file my_file_25.pdb (PDB, C-alpha atoms)
ATOM      1  CA  MET A   1       0.000   0.000   0.000
ATOM      2  CA  ILE A   2       1.449   3.328  -1.148
ATOM      3  CA  LYS A   3       0.200   6.706   0.099
ATOM      4  CA  ARG A   4       1.014   9.915  -1.751
ATOM      5  CA  THR A   5      -0.121  13.544  -1.621
ATOM      6  CA  ILE A   6      -0.457  14.587  -5.264
ATOM      7  CA  PRO A   7      -1.515  18.038  -6.506
ATOM      8  CA  CYS A   8      -3.294  18.380  -9.861
ATOM      9  CA  PHE A   9      -4.360  14.741  -9.726
ATOM     10  CA  SER A  10      -7.902  13.368  -9.722
ATOM     11  CA  LEU A  11      -8.683   9.693 -10.223
ATOM     12  CA  ALA A  12     -12.307  10.613 -10.938
ATOM     13  CA  GLN A  13     -11.371  13.045 -13.689
ATOM     14  CA  ILE A  14      -8.872  10.628 -15.227
ATOM     15  CA  CYS A  15     -11.524   7.914 -15.191
ATOM     16  CA  GLN A  16     -13.966  10.188 -17.035
ATOM     17  CA  SER A  17     -11.447  11.755 -19.434
ATOM     18  CA  GLY A  18     -11.951   9.311 -22.311
ATOM     19  CA  GLN A  19      -8.303   8.270 -22.551
ATOM     20  CA  CYS A  20      -8.576   4.918 -20.724
ATOM     21  CA  PHE A  21     -11.370   2.365 -20.910
ATOM     22  CA  ARG A  22     -10.502  -0.207 -18.232
ATOM     23  CA  MET A  23     -10.759   2.060 -15.194
ATOM     24  CA  LEU A  24     -13.946   2.149 -13.126
ATOM     25  CA  GLU A  25     -15.161   3.917  -9.998
ATOM     26  CA  LYS A  26     -16.424   1.160  -7.689
ATOM     27  CA  GLU A  27     -17.773   3.642  -5.163
ATOM     28  CA  PRO A  28     -17.158   7.347  -4.539
ATOM     29  CA  GLY A  29     -13.415   7.883  -4.234
ATOM     30  CA  ARG A  30     -12.485   4.235  -4.822
ATOM     31  CA  PHE A  31     -11.338   2.882  -8.189
ATOM     32  CA  TRP A  32      -9.868  -0.127  -9.897
ATOM     33  CA  MET A  33      -7.911  -0.266 -13.121
ATOM     34  CA  ILE A  34      -6.562  -2.919 -15.476
ATOM     35  CA  ALA A  35      -3.571  -1.928 -17.603
ATOM     36  CA  GLY A  36      -2.453  -4.709 -19.900
ATOM     37  CA  ARG A  37      -2.194  -7.668 -17.509
ATOM     38  CA  ARG A  38      -1.870  -5.564 -14.328
ATOM     39  CA  TRP A  39      -4.562  -4.822 -11.767
ATOM     40  CA  LEU A  40      -4.591  -1.842  -9.404
ATOM     41  CA  GLU A  41      -7.036  -0.659  -6.784
ATOM     42  CA  MET A  42      -6.868   2.964  -5.637
ATOM     43  CA  GLU A  43      -8.681   5.473  -3.491
ATOM     44  CA  GLN A  44      -8.508   9.233  -3.094
ATOM     45  CA  GLN A  45      -9.646  11.838  -0.585
ATOM     46  CA  GLY A  46      -8.658  15.344  -1.591
ATOM     47  CA  MET A  47      -5.010  15.200  -2.616
ATOM     48  CA  GLU A  48      -4.380  12.092  -0.503
ATOM     49  CA  CYS A  49      -4.108   9.007  -2.740
ATOM     50  CA  THR A  50      -3.662   5.366  -1.795
ATOM     51  CA  PHE A  51      -2.404   2.806  -4.313
ATOM     52  CA  TYR A  52      -2.872  -0.802  -3.251
ATOM     53  CA  CYS A  53       0.310  -2.313  -4.654
ATOM     54  CA  GLU A  54       3.893  -3.003  -3.648
ATOM     55  CA  GLU A  55       6.473  -0.206  -3.585
ATOM     56  CA  ASP A  56       8.497  -1.769  -6.401
ATOM     57  CA  GLU A  57       5.491  -2.041  -8.708
ATOM     58  CA  PHE A  58       4.455   1.527  -7.939
ATOM     59  CA  GLU A  59       7.940   2.899  -8.645
ATOM     60  CA  ASP A  60       8.601   0.721 -11.698
ATOM     61  CA  PHE A  61       5.221   1.030 -13.408
ATOM     62  CA  TRP A  62       2.393   3.078 -11.911
ATOM     63  CA  LYS A  63       4.356   6.253 -11.187
ATOM     64  CA  SER A  64       5.198   6.558 -14.871
ATOM     65  CA  TYR A  65       1.790   5.288 -15.996
ATOM     66  CA  PHE A  66       0.027   8.147 -14.196
ATOM     67  CA  ASP A  67       2.749  10.630 -15.224
ATOM     68  CA  LEU A  68       3.232  11.585 -11.586
ATOM     69  CA  GLU A  69       6.498  13.371 -12.303
ATOM     70  CA  GLY A  70       4.850  15.697 -14.836
ATOM     71  CA  ASP A  71       4.485  19.295 -13.621
ATOM     72  CA  TYR A  72       0.860  20.005 -14.462
ATOM     73  CA  GLU A  73       0.788  23.124 -12.300
ATOM     74  CA  ALA A  74       3.462  24.509 -14.620
ATOM     75  CA  TYR A  75       1.425  23.483 -17.678
ATOM     76  CA  ILE A  76      -1.610  25.321 -16.332
ATOM     77  CA  GLY A  77       0.588  28.291 -15.488
ATOM     78  CA  LYS A  78       1.460  28.665 -19.190
ATOM     79  CA  ILE A  79      -2.144  29.357 -20.160
ATOM     80  CA  ASN A  80      -2.763  32.858 -21.467
ATOM     81  CA  PRO A  81      -4.746  34.560 -18.666
ATOM     82  CA  ARG A  82      -6.720  36.455 -21.327
ATOM     83  CA  ASP A  83      -8.001  33.156 -22.738
ATOM     84  CA  SER A  84     -10.925  32.912 -20.343
ATOM     85  CA  TYR A  85     -12.309  29.760 -21.975
ATOM     86  CA  LEU A  86      -9.083  27.757 -21.619
ATOM     87  CA  VAL A  87      -8.552  29.104 -18.091
ATOM     88  CA  ARG A  88     -12.004  27.763 -17.137
ATOM     89  CA  ALA A  89     -11.432  24.448 -18.923
ATOM     90  CA  ALA A  90      -8.092  23.868 -17.192
ATOM     91  CA  ASP A  91      -9.536  24.816 -13.816
ATOM     92  CA  TRP A  92     -12.426  22.395 -14.358
ATOM     93  CA  GLY A  93     -10.171  19.486 -15.328
ATOM     94  CA  ARG A  94      -6.980  20.323 -13.448
ATOM     95  CA  GLY A  95      -6.777  16.785 -12.013
ATOM     96  CA  ILE A  96      -6.301  15.135 -15.415
ATOM     97  CA  ARG A  97      -2.961  13.501 -16.242
ATOM     98  CA  ILE A  98      -1.916  12.208 -19.656
ATOM     99  CA  LEU A  99      -1.456   8.498 -19.003
ATOM    100  CA  ARG A 100       1.463   6.496 -20.403
ATOM    101  CA  GLN A 101      -0.453   3.505 -21.705
ATOM    102  CA  ASP A 102       0.544   0.466 -23.738
ATOM    103  CA  LEU A 103       0.846   1.148 -27.472
ATOM    104  CA  TRP A 104      -0.831  -2.086 -28.593
ATOM    105  CA  GLU A 105      -3.727  -1.623 -26.169
ATOM    106  CA  MET A 106      -4.258   1.969 -27.299
ATOM    107  CA  LEU A 107      -4.112   1.026 -30.972
ATOM    108  CA  ILE A 108      -6.914  -1.478 -30.535
ATOM    109  CA  SER A 109      -8.895   0.664 -28.069
ATOM    110  CA  PHE A 110      -9.004   3.679 -30.373
ATOM    111  CA  LEU A 111      -9.765   1.584 -33.439
ATOM    112  CA  ILE A 112     -12.796   0.395 -31.466
ATOM    113  CA  SER A 113     -13.597   3.965 -30.345
ATOM    114  CA  GLN A 114     -14.482   5.209 -33.836
ATOM    115  CA  GLN A 115     -18.110   6.365 -34.198
ATOM    116  CA  ASN A 116     -18.693   4.991 -30.723
ATOM    117  CA  HIS A 117     -19.499   6.283 -27.229
ATOM    118  CA  ILE A 118     -17.547   5.609 -24.041
ATOM    119  CA  VAL A 119     -19.977   3.169 -22.403
ATOM    120  CA  ARG A 120     -20.090   1.008 -25.527
ATOM    121  CA  ILE A 121     -16.309   1.239 -26.064
ATOM    122  CA  ARG A 122     -15.776  -0.071 -22.518
ATOM    123  CA  ARG A 123     -18.190  -2.923 -23.158
ATOM    124  CA  CYS A 124     -16.550  -3.892 -26.458
ATOM    125  CA  ILE A 125     -13.086  -3.902 -24.900
ATOM    126  CA  GLU A 126     -14.241  -5.994 -21.950
ATOM    127  CA  ASN A 127     -15.836  -8.419 -24.411
ATOM    128  CA  ILE A 128     -12.619  -9.033 -26.340
ATOM    129  CA  CYS A 129     -10.591  -9.232 -23.113
ATOM    130  CA  THR A 130     -12.962 -11.789 -21.586
ATOM    131  CA  VAL A 131     -12.976 -13.955 -24.711
ATOM    132  CA  TYR A 132      -9.354 -13.593 -25.879
ATOM    133  CA  GLY A 133      -7.380 -12.251 -22.907
ATOM    134  CA  GLU A 134      -5.469 -14.219 -20.281
ATOM    135  CA  GLU A 135      -7.476 -15.013 -17.159
ATOM    136  CA  ARG A 136      -5.831 -13.659 -14.010
ATOM    137  CA  ARG A 137      -6.630 -13.066 -10.334
ATOM    138  CA  ASN A 138      -6.469  -9.820  -8.405
ATOM    139  CA  PRO A 139      -5.155  -9.715  -4.807
ATOM    140  CA  GLN A 140      -8.654 -10.528  -3.519
ATOM    141  CA  GLY A 141      -8.735 -13.668  -5.662
ATOM    142  CA  GLU A 142     -11.313 -12.274  -8.087
ATOM    143  CA  ARG A 143     -11.010 -13.096 -11.771
ATOM    144  CA  TYR A 144     -10.112 -10.528 -14.395
ATOM    145  CA  TRP A 145      -8.736 -10.737 -17.923
ATOM    146  CA  GLY A 146      -5.642  -9.141 -19.363
ATOM    147  CA  PHE A 147      -5.698  -7.326 -22.682
ATOM    148  CA  PRO A 148      -5.425  -9.839 -25.572
ATOM    149  CA  THR A 149      -2.073 -10.074 -27.348
ATOM    150  CA  PRO A 150      -1.677  -9.583 -31.104
ATOM    151  CA  GLN A 151      -1.092 -13.342 -31.373
ATOM    152  CA  ALA A 152      -4.434 -14.054 -29.690
ATOM    153  CA  LEU A 153      -6.301 -12.048 -32.331
ATOM    154  CA  ALA A 154      -4.176 -12.548 -35.445
ATOM    155  CA  GLY A 155      -5.638 -15.955 -36.296
ATOM    156  CA  LEU A 156      -9.232 -14.735 -36.371
ATOM    157  CA  GLU A 157     -11.387 -14.134 -39.421
ATOM    158  CA  GLU A 158     -12.041 -10.448 -40.049
ATOM    159  CA  SER A 159     -15.692 -10.754 -39.051
ATOM    160  CA  GLU A 160     -15.118 -12.861 -35.940
ATOM    161  CA  LEU A 161     -14.991 -10.006 -33.446
ATOM    162  CA  MET A 162     -18.457  -8.897 -34.495
ATOM    163  CA  ALA A 163     -19.605 -11.406 -31.873
ATOM    164  CA  CYS A 164     -17.975  -9.067 -29.325
ATOM    165  CA  ASN A 165     -20.170  -6.201 -30.627
ATOM    166  CA  LEU A 166     -17.366  -4.529 -32.567
ATOM    167  CA  GLY A 167     -19.414  -4.270 -35.751
ATOM    168  CA  TYR A 168     -17.444  -3.069 -38.786
ATOM    169  CA  ARG A 169     -14.474  -2.332 -36.482
ATOM    170  CA  SER A 170     -13.856  -6.085 -36.258
ATOM    171  CA  LYS A 171     -11.864  -6.037 -39.487
ATOM    172  CA  TYR A 172      -9.779  -3.083 -38.279
ATOM    173  CA  VAL A 173      -8.758  -4.926 -35.110
ATOM    174  CA  VAL A 174      -8.033  -8.265 -36.804
ATOM    175  CA  ARG A 175      -5.987  -6.628 -39.573
ATOM    176  CA  ALA A 176      -4.001  -4.662 -36.979
ATOM    177  CA  ALA A 177      -3.271  -7.877 -35.062
ATOM    178  CA  LYS A 178      -2.135  -9.640 -38.234
ATOM    179  CA  ALA A 179       0.108  -6.706 -39.199
ATOM    180  CA  VAL A 180       1.805  -6.663 -35.782
ATOM    181  CA  ASP A 181       2.036 -10.448 -35.418
ATOM    182  CA  SER A 182       3.567 -10.868 -38.885
ATOM    183  CA  GLY A 183       6.135  -8.124 -38.306
ATOM    184  CA  GLN A 184       4.700  -5.987 -41.086
ATOM    185  CA  MET A 185       4.234  -3.229 -38.498
ATOM    186  CA  ASP A 186       6.844  -2.791 -35.750
ATOM    187  CA  LEU A 187       5.410  -1.287 -32.578
ATOM    188  CA  LYS A 188       8.816  -1.166 -30.887
ATOM    189  CA  ALA A 189      10.131   0.985 -33.737
ATOM    190  CA  ILE A 190       7.098   3.281 -33.551
ATOM    191  CA  LYS A 191       7.764   3.843 -29.839
ATOM    192  CA  GLU A 192      11.160   5.327 -30.721
ATOM    193  CA  MET A 193       9.860   7.691 -33.419
ATOM    194  CA  PRO A 194       9.244  11.421 -32.981
ATOM    195  CA  TYR A 195       5.641  12.564 -33.025
ATOM    196  CA  LYS A 196       5.128  13.330 -36.713
ATOM    197  CA  LYS A 197       6.880  10.171 -37.895
ATOM    198  CA  ALA A 198       4.986   7.998 -35.396
ATOM    199  CA  ARG A 199       1.695   9.555 -36.492
ATOM    200  CA  GLU A 200       2.508   8.879 -40.126
ATOM    201  CA  GLU A 201       3.453   5.276 -39.366
ATOM    202  CA  LEU A 202       0.323   4.626 -37.297
ATOM    203  CA  MET A 203      -1.834   5.803 -40.185
ATOM    204  CA  LYS A 204      -0.539   2.862 -42.213
ATOM    205  CA  PHE A 205      -2.760   0.615 -40.090
ATOM    206  CA  PHE A 206      -6.050  -0.112 -41.807
ATOM    207  CA  GLY A 207      -8.742   2.034 -40.165
ATOM    208  CA  VAL A 208      -6.405   4.541 -38.462
ATOM    209  CA  GLY A 209      -7.073   8.112 -39.526
ATOM    210  CA  GLU A 210      -5.660  11.387 -38.244
ATOM    211  CA  LYS A 211      -7.774  11.603 -35.084
ATOM    212  CA  VAL A 212      -7.128   7.994 -34.012
ATOM    213  CA  ALA A 213      -3.404   8.336 -34.758
ATOM    214  CA  ASP A 214      -3.260  11.476 -32.605
ATOM    215  CA  CYS A 215      -5.096   9.741 -29.747
ATOM    216  CA  ILE A 216      -2.575   6.892 -29.849
ATOM    217  CA  CYS A 217       0.357   9.315 -30.022
ATOM    218  CA  LEU A 218      -0.953  11.228 -27.010
ATOM    219  CA  PHE A 219      -2.200   8.441 -24.741
ATOM    220  CA  ALA A 220       0.342   5.700 -25.554
ATOM    221  CA  LEU A 221       3.479   7.431 -26.803
ATOM    222  CA  HIS A 222       3.103  10.529 -24.595
ATOM    223  CA  HIS A 223       3.684  12.905 -27.488
ATOM    224  CA  LEU A 224       2.220  15.956 -25.791
ATOM    225  CA  SER A 225       2.292  17.849 -29.104
ATOM    226  CA  ALA A 226      -0.542  15.653 -30.400
ATOM    227  CA  PHE A 227      -3.937  17.361 -30.535
ATOM    228  CA  PRO A 228      -6.736  14.909 -31.417
ATOM    229  CA  VAL A 229      -9.713  16.613 -33.041
ATOM    230  CA  ASP A 230     -13.080  14.919 -32.603
ATOM    231  CA  THR A 231     -16.581  16.396 -32.736
ATOM    232  CA  HIS A 232     -16.317  17.961 -29.259
ATOM    233  CA  ILE A 233     -12.966  19.600 -29.976
ATOM    234  CA  LYS A 234     -14.101  20.788 -33.403
ATOM    235  CA  GLN A 235     -17.151  22.462 -31.878
ATOM    236  CA  ALA A 236     -15.019  24.116 -29.202
ATOM    237  CA  MET A 237     -12.607  25.402 -31.849
ATOM    238  CA  GLU A 238     -15.477  26.858 -33.888
ATOM    239  CA  ARG A 239     -16.902  28.663 -30.863
ATOM    240  CA  HIS A 240     -13.744  29.883 -29.139
ATOM    241  CA  TYR A 241     -10.856  29.809 -31.632
ATOM    242  CA  LYS A 242     -12.223  31.038 -34.940
ATOM    243  CA  ARG A 243      -8.704  32.049 -35.996
ATOM    244  CA  GLY A 244      -7.301  28.696 -34.930
ATOM    245  CA  PHE A 245      -5.941  27.304 -31.690
ATOM    246  CA  PRO A 246      -2.769  29.112 -30.476
ATOM    247  CA  ASN A 247      -0.498  26.177 -31.304
ATOM    248  CA  ARG A 248       2.733  28.134 -31.058
ATOM    249  CA  ARG A 249       2.145  29.094 -27.411
ATOM    250  CA  TYR A 250       1.343  25.497 -26.386
ATOM    251  CA  GLN A 251       3.471  23.664 -28.940
ATOM    252  CA  GLU A 252       4.982  21.133 -26.519
ATOM    253  CA  ILE A 253       1.845  20.653 -24.379
ATOM    254  CA  ARG A 254      -1.003  20.893 -26.892
ATOM    255  CA  GLY A 255      -2.241  17.457 -25.839
ATOM    256  CA  VAL A 256      -2.633  18.566 -22.223
ATOM    257  CA  MET A 257      -4.690  21.556 -23.365
ATOM    258  CA  GLN A 258      -6.742  19.247 -25.596
ATOM    259  CA  GLN A 259      -7.655  17.090 -22.624
ATOM    260  CA  TYR A 260      -8.749  20.094 -20.559
ATOM    261  CA  ILE A 261     -10.956  21.248 -23.437
ATOM    262  CA  PHE A 262     -12.330  17.767 -24.153
ATOM    263  CA  TYR A 263     -13.166  17.126 -20.494
ATOM    264  CA  TYR A 264     -14.761  20.560 -20.095
ATOM    265  CA  GLU A 265     -16.894  20.045 -23.198
ATOM    266  CA  LEU A 266     -18.069  16.664 -21.883
ATOM    267  CA  HIS A 267     -18.551  17.437 -18.195
ATOM    268  CA  GLY A 268     -18.222  21.164 -17.568
ATOM    269  CA  ASN A 269     -20.432  24.180 -17.968
ATOM    270  CA  LYS A 270     -21.211  24.861 -21.614
ATOM    271  CA  ASP A 271     -20.734  28.310 -23.093
TER     272      ASP A 271
END
call {"tool": "encode", "arguments": {"input": "my_file_25.pdb", "output": "structure tokens"}}
result
Amino acid sequence: MIKRTIPCFSLAQICQSGQCFRMLEKEPGRFWMIAGRRWLEMEQQGMECTFYCEEDEFEDFWKSYFDLEGDYEAYIGKINPRDSYLVRAADWGRGIRILRQDLWEMLISFLISQQNHIVRIRRCIENICTVYGEERRNPQGERYWGFPTPQALAGLEESELMACNLGYRSKYVVRAAKAVDSGQMDLKAIKEMPYKKAREELMKFFGVGEKVADCICLFALHHLSAFPVDTHIKQAMERHYKRGFPNRRYQEIRGVMQQYIFYYELHGNKD
């Protein structure tokens, strides 16, 4: 059990931010998360956070996963005080962190996310994990399933995952698994690429467009320059940034600003 006092950190906001799909709030202030094959239970009261894991696991994995060494107070401090909309958005979602998630898991998760809503995305991902993932046990002895490997999905027919409610996205996921399993696409190489090159390479996957590639770059590769544009972001840009978002000012942290805007559009007061 690890206890930490963490400013600019909210498990509830991270859970609702749309960047991870295997994190749930069991009861107010108490959460569990599955990342790949790992399980973690957490709770939070104010800035006081408890992570129910060993010190080594926290230091070696979860500290980086939650980007706990990122200075989000400094990021917020860079916001133009005259930009009242972004000031409000950042204040509303100041507990969000950009997670460092697994590249394969994010590739599949955001292929599934297309033309989909969060509740259904969660259900689809749990379906494929339950059917094709490795069965494991959490510290309480309860069953859960790890995220399926490329090898577990590569042998499927393109339509097979429709049984997991993926619909037309079934072929995207199966083709991605085949490309990775065969070595046609090298995820390890993509991890080492700068943002623009990684984005370009990700778009070689069948079904990955600009928005999905940017989501993967931001939430798996931690390229904070990525700025995914979905319907919510597009509407916010049209209302508040008719001359375009001030990319130059936030060049290295555009993805953090995107998350504040996205979260505010979903859960905050609408202008």
call {"tool": "resolve_selection", "arguments": {"input": "my_file_25.pdb", "expression": "the PyMOL selection byres ((chain A and resi 152-156) around 9)", "output": "PDB file with C-alpha atoms, in the frame of the given file"}}
result
ATOM      1  CA  TYR A 132      -9.354 -13.593 -25.879  1.00  0.00           C
ATOM      2  CA  GLY A 133      -7.380 -12.251 -22.907  1.00  0.00           C
ATOM      3  CA  PRO A 148      -5.425  -9.839 -25.572  1.00  0.00           C
ATOM      4  CA  THR A 149      -2.073 -10.074 -27.348  1.00  0.00           C
ATOM      5  CA  PRO A 150      -1.677  -9.583 -31.104  1.00  0.00           C
ATOM      6  CA  GLN A 151      -1.092 -13.342 -31.373  1.00  0.00           C
ATOM      7  CA  GLU A 157     -11.387 -14.134 -39.421  1.00  0.00           C
ATOM      8  CA  GLU A 158     -12.041 -10.448 -40.049  1.00  0.00           C
ATOM      9  CA  SER A 159     -15.692 -10.754 -39.051  1.00  0.00           C
ATOM     10  CA  GLU A 160     -15.118 -12.861 -35.940  1.00  0.00           C
ATOM     11  CA  LEU A 161     -14.991 -10.006 -33.446  1.00  0.00           C
ATOM     12  CA  VAL A 173      -8.758  -4.926 -35.110  1.00  0.00           C
ATOM     13  CA  VAL A 174      -8.033  -8.265 -36.804  1.00  0.00           C
ATOM     14  CA  ARG A 175      -5.987  -6.628 -39.573  1.00  0.00           C
ATOM     15  CA  ALA A 176      -4.001  -4.662 -36.979  1.00  0.00           C
ATOM     16  CA  ALA A 177      -3.271  -7.877 -35.062  1.00  0.00           C
ATOM     17  CA  LYS A 178      -2.135  -9.640 -38.234  1.00  0.00           C
ATOM     18  CA  ALA A 179       0.108  -6.706 -39.199  1.00  0.00           C
ATOM     19  CA  VAL A 180       1.805  -6.663 -35.782  1.00  0.00           C
ATOM     20  CA  ASP A 181       2.036 -10.448 -35.418  1.00  0.00           C
ATOM     21  CA  SER A 182       3.567 -10.868 -38.885  1.00  0.00           C
TER      22      SER A 182
END
call {"tool": "residues_around", "arguments": {"input": "my_file_25.pdb", "residues": "Val119 (chain A)", "least_positions_apart": "6", "cutoff": "12 Å", "atoms": "all atoms listed in the file", "output": "ChimeraX atom specification"}}
result
/A:16,18,20-24,112-113,125-126
call {"tool": "residues_around", "arguments": {"input": "my_file_25.pdb", "residues": "Tyr72 (chain A)", "least_positions_apart": "3", "cutoff": "7 Å", "atoms": "all atoms listed in the file", "output": "list of chain:residue names"}}
result
A:Cys8, A:Tyr75, A:Ile76
call {"tool": "residues_around", "arguments": {"input": "my_file_25.pdb", "residues": "Gln114 (chain A)", "least_positions_apart": "2", "cutoff": "12 Å", "atoms": "all atoms listed in the file", "output": "ChimeraX atom specification"}}
result
/A:107-112,116-118,120-121,124,166-170,172-173,207-213,215,230-231
call {"tool": "residues_around", "arguments": {"input": "my_file_25.pdb", "residues": "Ile190 (chain A)", "least_positions_apart": "6", "cutoff": "9 Å", "atoms": "all atoms listed in the file", "output": "number ranges by chain"}}
result
A: 103, 197-199, 201-202, 221
call {"tool": "atom_distance", "arguments": {"input": "my_file_25.pdb", "atom1": "CA of Val131 (chain A)", "atom2": "CA of Gln19 (chain A)"}}
result
22.8 Å
call {"tool": "closest_residue", "arguments": {"input": "my_file_25.pdb", "among": "A:Met162, A:Ile2, A:Ala89, A:Met237", "to": "Ile128 (chain A)", "atoms": "only C-alpha atoms"}}
result
A:Met162
call {"tool": "closest_residue", "arguments": {"input": "my_file_25.pdb", "among": "A:Lys3, A:Arg37, A:Arg30, A:Arg94", "to": "Phe58 (chain A)", "atoms": "all atoms listed in the file"}}
result
A:Lys3
call {"tool": "residues_around", "arguments": {"input": "my_file_25.pdb", "residues": "region 41-53 of chain A", "least_positions_apart": "3", "cutoff": "8 Å", "atoms": "all atoms listed in the file", "output": "PyMOL selection string"}}
result
chain A and resi 1-7+9-11+29-33+57-58
call {"tool": "resolve_selection", "arguments": {"input": "my_file_25.pdb", "expression": "the PyMOL selection byres ((chain A and resi 66) around 10)", "output": "number ranges by chain"}}
result
A: 9, 11, 14, 61-65, 67-70, 96-101
call {"tool": "closest_residue", "arguments": {"input": "my_file_25.pdb", "among": "A:Tyr195, A:Tyr260, A:Trp104, A:Phe147", "to": "Arg88 (chain A)", "atoms": "only C-alpha atoms"}}
result
A:Tyr260
call {"tool": "atom_distance", "arguments": {"input": "my_file_25.pdb", "atom1": "CA of Trp145 (chain A)", "atom2": "CA of Tyr263 (chain A)"}}
result
28.3 Å
call {"tool": "closest_residue", "arguments": {"input": "my_file_25.pdb", "among": "A:Asp102, A:Trp39, A:Cys15, A:Ala226", "to": "Gly141 (chain A)", "atoms": "all atoms listed in the file"}}
result
A:Trp39
call {"tool": "atom_distance", "arguments": {"input": "my_file_25.pdb", "atom1": "CA of Tyr250 (chain A)", "atom2": "CA of Leu86 (chain A)"}}
result
11.7 Å
call {"tool": "decode", "arguments": {"input": "my_file_25.pdb", "residues": "region 203-220 of chain A", "atoms": "C-alpha atoms", "output": "PDB file, in the first residue's frame"}}
result
ATOM      1  CA  MET A 203      -1.834   5.803 -40.185  1.00  0.00           C
ATOM      2  CA  LYS A 204      -0.539   2.862 -42.213  1.00  0.00           C
ATOM      3  CA  PHE A 205      -2.760   0.615 -40.090  1.00  0.00           C
ATOM      4  CA  PHE A 206      -6.050  -0.112 -41.807  1.00  0.00           C
ATOM      5  CA  GLY A 207      -8.742   2.034 -40.165  1.00  0.00           C
ATOM      6  CA  VAL A 208      -6.405   4.541 -38.462  1.00  0.00           C
ATOM      7  CA  GLY A 209      -7.073   8.112 -39.526  1.00  0.00           C
ATOM      8  CA  GLU A 210      -5.660  11.387 -38.244  1.00  0.00           C
ATOM      9  CA  LYS A 211      -7.774  11.603 -35.084  1.00  0.00           C
ATOM     10  CA  VAL A 212      -7.128   7.994 -34.012  1.00  0.00           C
ATOM     11  CA  ALA A 213      -3.404   8.336 -34.758  1.00  0.00           C
ATOM     12  CA  ASP A 214      -3.260  11.476 -32.605  1.00  0.00           C
ATOM     13  CA  CYS A 215      -5.096   9.741 -29.747  1.00  0.00           C
ATOM     14  CA  ILE A 216      -2.575   6.892 -29.849  1.00  0.00           C
ATOM     15  CA  CYS A 217       0.357   9.315 -30.022  1.00  0.00           C
ATOM     16  CA  LEU A 218      -0.953  11.228 -27.010  1.00  0.00           C
ATOM     17  CA  PHE A 219      -2.200   8.441 -24.741  1.00  0.00           C
ATOM     18  CA  ALA A 220       0.342   5.700 -25.554  1.00  0.00           C
TER      19      ALA A 220
END
